[in-house]
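Engineer: One structure coming up, written as structure tokens, with questions to follow.
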Amino acid sequence: MKQPIPFHGSGSAEPAHGDLNDVMRRVAHGDKEAFSVLYDVLAPMIFGIVLRVVRDRAQSEEVAQEVMIDLWRQGARYRPEAGSVTTWAATIAHRRAVDRVRSAQAAADREQAQAAREHTTAFDEVAEQVETRLEAEQVRRCLRGLTELQRQAVTLAYYRGLTYREVAEALRTPLPTIKTRMRDGLIRLRDCMGVTT
């Protein structure tokens, strides 16, 4: 197959309609010389179509090469009764160019969505950390408003996971006293933190 060439010339004069159909028929049978002629005739036109859609020279050259490869591989699918070789090639070129633009846009959209998710996640994590710190600070402030026995009982029960009986044993205080102090302490904490039931 012919090596890619930069697309900047106007190409050679197009063979007559019937001659190009014959060239295409020979390409369909794997004739490399016929493909060379087809390439020289159609490559500049195909590049122009692709460039108008894609608007990037390097990508347009790449897409134009893909179109030429399609013409080589799909030569047997060409039907003269459906239109000229030029029209068929132009249609393939336009479709390929649109596909490239859509693919590039989809990739850009995915990257943008990913960046937005990462930004949102980072913001959410920071907001959550700040909220947790503020809540912890409020709990500490409210705990300082309790009596010593209430604070010790609540701390042992809620931060160390002890039962009422274990708290009573740890503080060497009767169980009913612990229950009363914890109930009173929790009510004061709830009121201090503005929790409504």
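Chain labels follow the order of the structure tokens: the first chain is A, the next B, and so on; residue numbering restarts at 1 in every chain, and ligands are counted from 1 in their shown order.
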May I have the residues within 7 Å of region 57-69 of chain A as a list in words, using only C-alpha atoms and disregarding those fewer than 6 positions away in the same chain?

Structural biologist: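 Answer for this query is Pro4, Tyr39, Ile46, Phe47, Val50, Leu51, Ile92, Ala93, Arg96 and Ala97 of chain A.
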
Engineer: Those residues with N, CA, C and O atoms, as a short mmCIF file (atom, residue, chain, number, x, y, z; two decimals), in the first residue's frame please?

Structural biologist:
data_model
loop_
_atom_site.label_atom_id
_atom_site.label_comp_id
_atom_site.auth_asym_id
_atom_site.auth_seq_id
_atom_site.Cartn_x
_atom_site.Cartn_y
_atom_site.Cartn_z
N PRO A 4 1.84 7.08 3.44
CA PRO A 4 1.15 8.36 3.60
C PRO A 4 2.00 9.50 3.08
O PRO A 4 3.22 9.50 3.20
N TYR A 39 -5.47 6.97 -4.85
CA TYR A 39 -4.91 7.77 -3.75
C TYR A 39 -4.54 9.16 -4.26
O TYR A 39 -4.92 10.17 -3.66
N ILE A 46 -10.32 14.37 -0.08
CA ILE A 46 -10.69 13.78 1.20
C ILE A 46 -10.09 14.59 2.35
O ILE A 46 -10.78 14.89 3.34
N PHE A 47 -8.84 14.98 2.22
CA PHE A 47 -8.21 15.79 3.26
C PHE A 47 -8.97 17.11 3.45
O PHE A 47 -9.20 17.54 4.59
N VAL A 50 -12.23 16.47 5.38
CA VAL A 50 -11.95 16.15 6.79
C VAL A 50 -11.49 17.39 7.54
O VAL A 50 -11.94 17.66 8.66
N LEU A 51 -10.61 18.18 6.91
CA LEU A 51 -10.08 19.38 7.57
C LEU A 51 -11.20 20.38 7.90
O LEU A 51 -11.19 21.00 8.96
N ILE A 92 -17.72 8.77 2.92
CA ILE A 92 -16.92 8.05 3.93
C ILE A 92 -16.05 9.05 4.70
O ILE A 92 -15.95 8.99 5.93
N ALA A 93 -15.44 9.98 3.98
CA ALA A 93 -14.57 10.97 4.62
C ALA A 93 -15.36 11.82 5.61
O ALA A 93 -14.90 12.06 6.74
N ARG A 96 -16.27 9.73 8.74
CA ARG A 96 -15.08 9.52 9.58
C ARG A 96 -14.71 10.79 10.34
O ARG A 96 -14.34 10.74 11.51
N ALA A 97 -14.79 11.93 9.67
CA ALA A 97 -14.43 13.20 10.30
C ALA A 97 -15.40 13.51 11.44
O ALA A 97 -14.99 13.92 12.54
#

Engineer: Which is closer to Val54 (chain A) than all the others in A:Glu125, A:Glu111, A:Glu131, A:Asp99, using only C-alpha atoms?

Structural biologist: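 With only C-alpha atoms as the atom set, the closest residue is A:Asp99.
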
Engineer: Given only C-alpha atoms as the basis, pick out the residue of A:Asp184, A:Glu135, A:Glu33, A:Glu118 nearest to Ala153 (chain A).

Structural biologist: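 Ranking A:Asp184, A:Glu135, A:Glu33, A:Glu118 by distance to Ala153 (chain A), first place goes to A:Asp184.
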
Engineer: Suppose you want the space between CA of Ser103 (chain A) and CA of Ala76 (chain A); what is it in Å?

Structural biologist: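 Atom-to-atom, CA of Ser103 (chain A) and CA of Ala76 (chain A) are spaced 27.6 Å apart.
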
Engineer: I'd like the neighbourhood of Thr87 (chain A) as a ChimeraX atom specification, where a residue qualifies if any of its atoms comes within 12 Å (using only C-alpha atoms), though same-chain residues fewer than 3 positions away should be ignored.

Structural biologist: /A:17,20-21,42,45-46,49,78-84,90-94

Engineer: For those residues, write all heavy atoms to a file as a compact mmCIF listing (two decimals), in the first residue's frame.

Structural biologist:
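Wrote it out as part29.txt, contents follow:
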# COMPACT_ATOMS: atom_id res chain seq x y z
N HIS A 17 -15.09 9.86 -15.28
CA HIS A 17 -15.99 9.13 -14.38
C HIS A 17 -15.87 7.62 -14.60
O HIS A 17 -15.70 6.86 -13.66
CB HIS A 17 -17.43 9.62 -14.61
CG HIS A 17 -18.43 8.95 -13.73
ND1 HIS A 17 -18.54 9.21 -12.40
CD2 HIS A 17 -19.35 7.99 -14.04
CE1 HIS A 17 -19.51 8.45 -11.89
NE2 HIS A 17 -20.02 7.70 -12.86
N LEU A 20 -12.50 6.27 -13.39
CA LEU A 20 -12.38 6.15 -11.93
C LEU A 20 -13.16 4.93 -11.44
O LEU A 20 -12.73 4.25 -10.51
CB LEU A 20 -12.85 7.44 -11.24
CG LEU A 20 -12.37 7.64 -9.81
CD1 LEU A 20 -10.85 7.48 -9.69
CD2 LEU A 20 -12.78 8.99 -9.29
N ASN A 21 -14.30 4.66 -12.09
CA ASN A 21 -15.05 3.44 -11.74
C ASN A 21 -14.19 2.21 -12.02
O ASN A 21 -14.17 1.27 -11.23
CB ASN A 21 -16.35 3.35 -12.53
CG ASN A 21 -17.41 4.30 -12.00
OD1 ASN A 21 -17.27 4.86 -10.91
ND2 ASN A 21 -18.46 4.51 -12.78
N LEU A 42 -7.88 11.10 -5.09
CA LEU A 42 -8.86 11.41 -4.04
C LEU A 42 -8.28 11.99 -2.75
O LEU A 42 -8.99 12.67 -2.01
CB LEU A 42 -9.66 10.15 -3.70
CG LEU A 42 -10.54 9.58 -4.80
CD1 LEU A 42 -11.28 8.35 -4.29
CD2 LEU A 42 -11.53 10.62 -5.32
N MET A 45 -8.84 15.80 -2.02
CA MET A 45 -10.25 16.11 -1.78
C MET A 45 -10.70 15.60 -0.40
O MET A 45 -11.35 16.32 0.37
CB MET A 45 -11.13 15.47 -2.86
CG MET A 45 -12.62 15.69 -2.61
SD MET A 45 -13.68 14.49 -3.46
CE MET A 45 -13.37 13.00 -2.55
N ILE A 46 -10.32 14.37 -0.08
CA ILE A 46 -10.69 13.78 1.20
C ILE A 46 -10.09 14.59 2.35
O ILE A 46 -10.78 14.89 3.34
CB ILE A 46 -10.22 12.30 1.26
CG1 ILE A 46 -11.12 11.47 0.33
CG2 ILE A 46 -10.23 11.76 2.67
CD1 ILE A 46 -10.66 10.05 0.11
N ILE A 49 -12.16 17.78 2.89
CA ILE A 49 -13.44 17.51 3.57
C ILE A 49 -13.20 17.31 5.06
O ILE A 49 -13.89 17.90 5.90
CB ILE A 49 -14.12 16.27 2.95
CG1 ILE A 49 -14.60 16.58 1.53
CG2 ILE A 49 -15.29 15.80 3.82
CD1 ILE A 49 -15.03 15.36 0.74
N TYR A 78 -18.14 -0.83 -3.16
CA TYR A 78 -18.56 0.30 -4.00
C TYR A 78 -19.51 -0.19 -5.09
O TYR A 78 -19.27 -1.19 -5.75
CB TYR A 78 -17.34 0.98 -4.63
CG TYR A 78 -17.74 1.98 -5.70
CD1 TYR A 78 -18.44 3.14 -5.35
CD2 TYR A 78 -17.48 1.74 -7.04
CE1 TYR A 78 -18.84 4.03 -6.32
CE2 TYR A 78 -17.87 2.63 -8.02
CZ TYR A 78 -18.56 3.78 -7.65
OH TYR A 78 -18.97 4.66 -8.61
N ARG A 79 -20.63 0.57 -5.26
CA ARG A 79 -21.63 0.26 -6.29
C ARG A 79 -21.79 1.49 -7.18
O ARG A 79 -22.31 2.52 -6.73
CB ARG A 79 -22.98 -0.08 -5.66
CG ARG A 79 -22.97 -1.32 -4.79
CD ARG A 79 -22.83 -2.59 -5.63
NE ARG A 79 -22.68 -3.76 -4.82
CZ ARG A 79 -21.54 -4.37 -4.57
NH1 ARG A 79 -20.42 -3.90 -5.08
NH2 ARG A 79 -21.48 -5.46 -3.84
N PRO A 80 -21.35 1.42 -8.46
CA PRO A 80 -21.44 2.58 -9.36
C PRO A 80 -22.86 3.12 -9.50
O PRO A 80 -23.05 4.33 -9.64
CB PRO A 80 -20.94 2.03 -10.71
CG PRO A 80 -20.19 0.78 -10.38
CD PRO A 80 -20.76 0.26 -9.10
N GLU A 81 -23.86 2.25 -9.42
CA GLU A 81 -25.25 2.70 -9.58
C GLU A 81 -25.70 3.59 -8.41
O GLU A 81 -26.67 4.34 -8.54
CB GLU A 81 -26.19 1.51 -9.76
CG GLU A 81 -26.26 0.53 -8.61
CD GLU A 81 -25.15 -0.54 -8.63
OE1 GLU A 81 -24.23 -0.48 -9.47
OE2 GLU A 81 -25.22 -1.44 -7.78
N ALA A 82 -25.00 3.53 -7.26
CA ALA A 82 -25.37 4.33 -6.08
C ALA A 82 -24.75 5.72 -6.12
O ALA A 82 -25.16 6.59 -5.35
CB ALA A 82 -24.95 3.61 -4.81
N GLY A 83 -23.78 5.95 -6.99
CA GLY A 83 -23.15 7.25 -7.08
C GLY A 83 -21.71 7.11 -7.55
O GLY A 83 -21.19 6.00 -7.66
N SER A 84 -21.07 8.24 -7.79
CA SER A 84 -19.70 8.21 -8.30
C SER A 84 -18.73 7.80 -7.19
O SER A 84 -19.05 7.87 -5.99
CB SER A 84 -19.32 9.60 -8.83
OG SER A 84 -19.18 10.50 -7.74
N ALA A 90 -16.24 10.80 -0.61
CA ALA A 90 -16.55 12.01 0.16
C ALA A 90 -17.48 11.68 1.33
O ALA A 90 -17.32 12.23 2.44
CB ALA A 90 -17.18 13.06 -0.74
N THR A 91 -18.43 10.79 1.11
CA THR A 91 -19.36 10.39 2.17
C THR A 91 -18.60 9.68 3.29
O THR A 91 -18.81 9.96 4.47
CB THR A 91 -20.46 9.46 1.60
OG1 THR A 91 -21.15 10.16 0.56
CG2 THR A 91 -21.44 9.03 2.67
N ILE A 92 -17.72 8.77 2.92
CA ILE A 92 -16.92 8.05 3.93
C ILE A 92 -16.05 9.05 4.70
O ILE A 92 -15.95 8.99 5.93
CB ILE A 92 -16.06 6.96 3.26
CG1 ILE A 92 -16.96 5.85 2.71
CG2 ILE A 92 -15.05 6.38 4.25
CD1 ILE A 92 -16.23 4.82 1.86
N ALA A 93 -15.44 9.98 3.98
CA ALA A 93 -14.57 10.97 4.62
C ALA A 93 -15.36 11.82 5.61
O ALA A 93 -14.90 12.06 6.74
CB ALA A 93 -13.93 11.86 3.56
N HIS A 94 -16.53 12.28 5.21
CA HIS A 94 -17.34 13.12 6.11
C HIS A 94 -17.75 12.34 7.35
O HIS A 94 -17.67 12.86 8.48
CB HIS A 94 -18.57 13.65 5.36
CG HIS A 94 -19.32 14.65 6.15
ND1 HIS A 94 -20.42 14.30 6.92
CD2 HIS A 94 -19.13 15.98 6.35
CE1 HIS A 94 -20.87 15.38 7.54
NE2 HIS A 94 -20.10 16.41 7.22
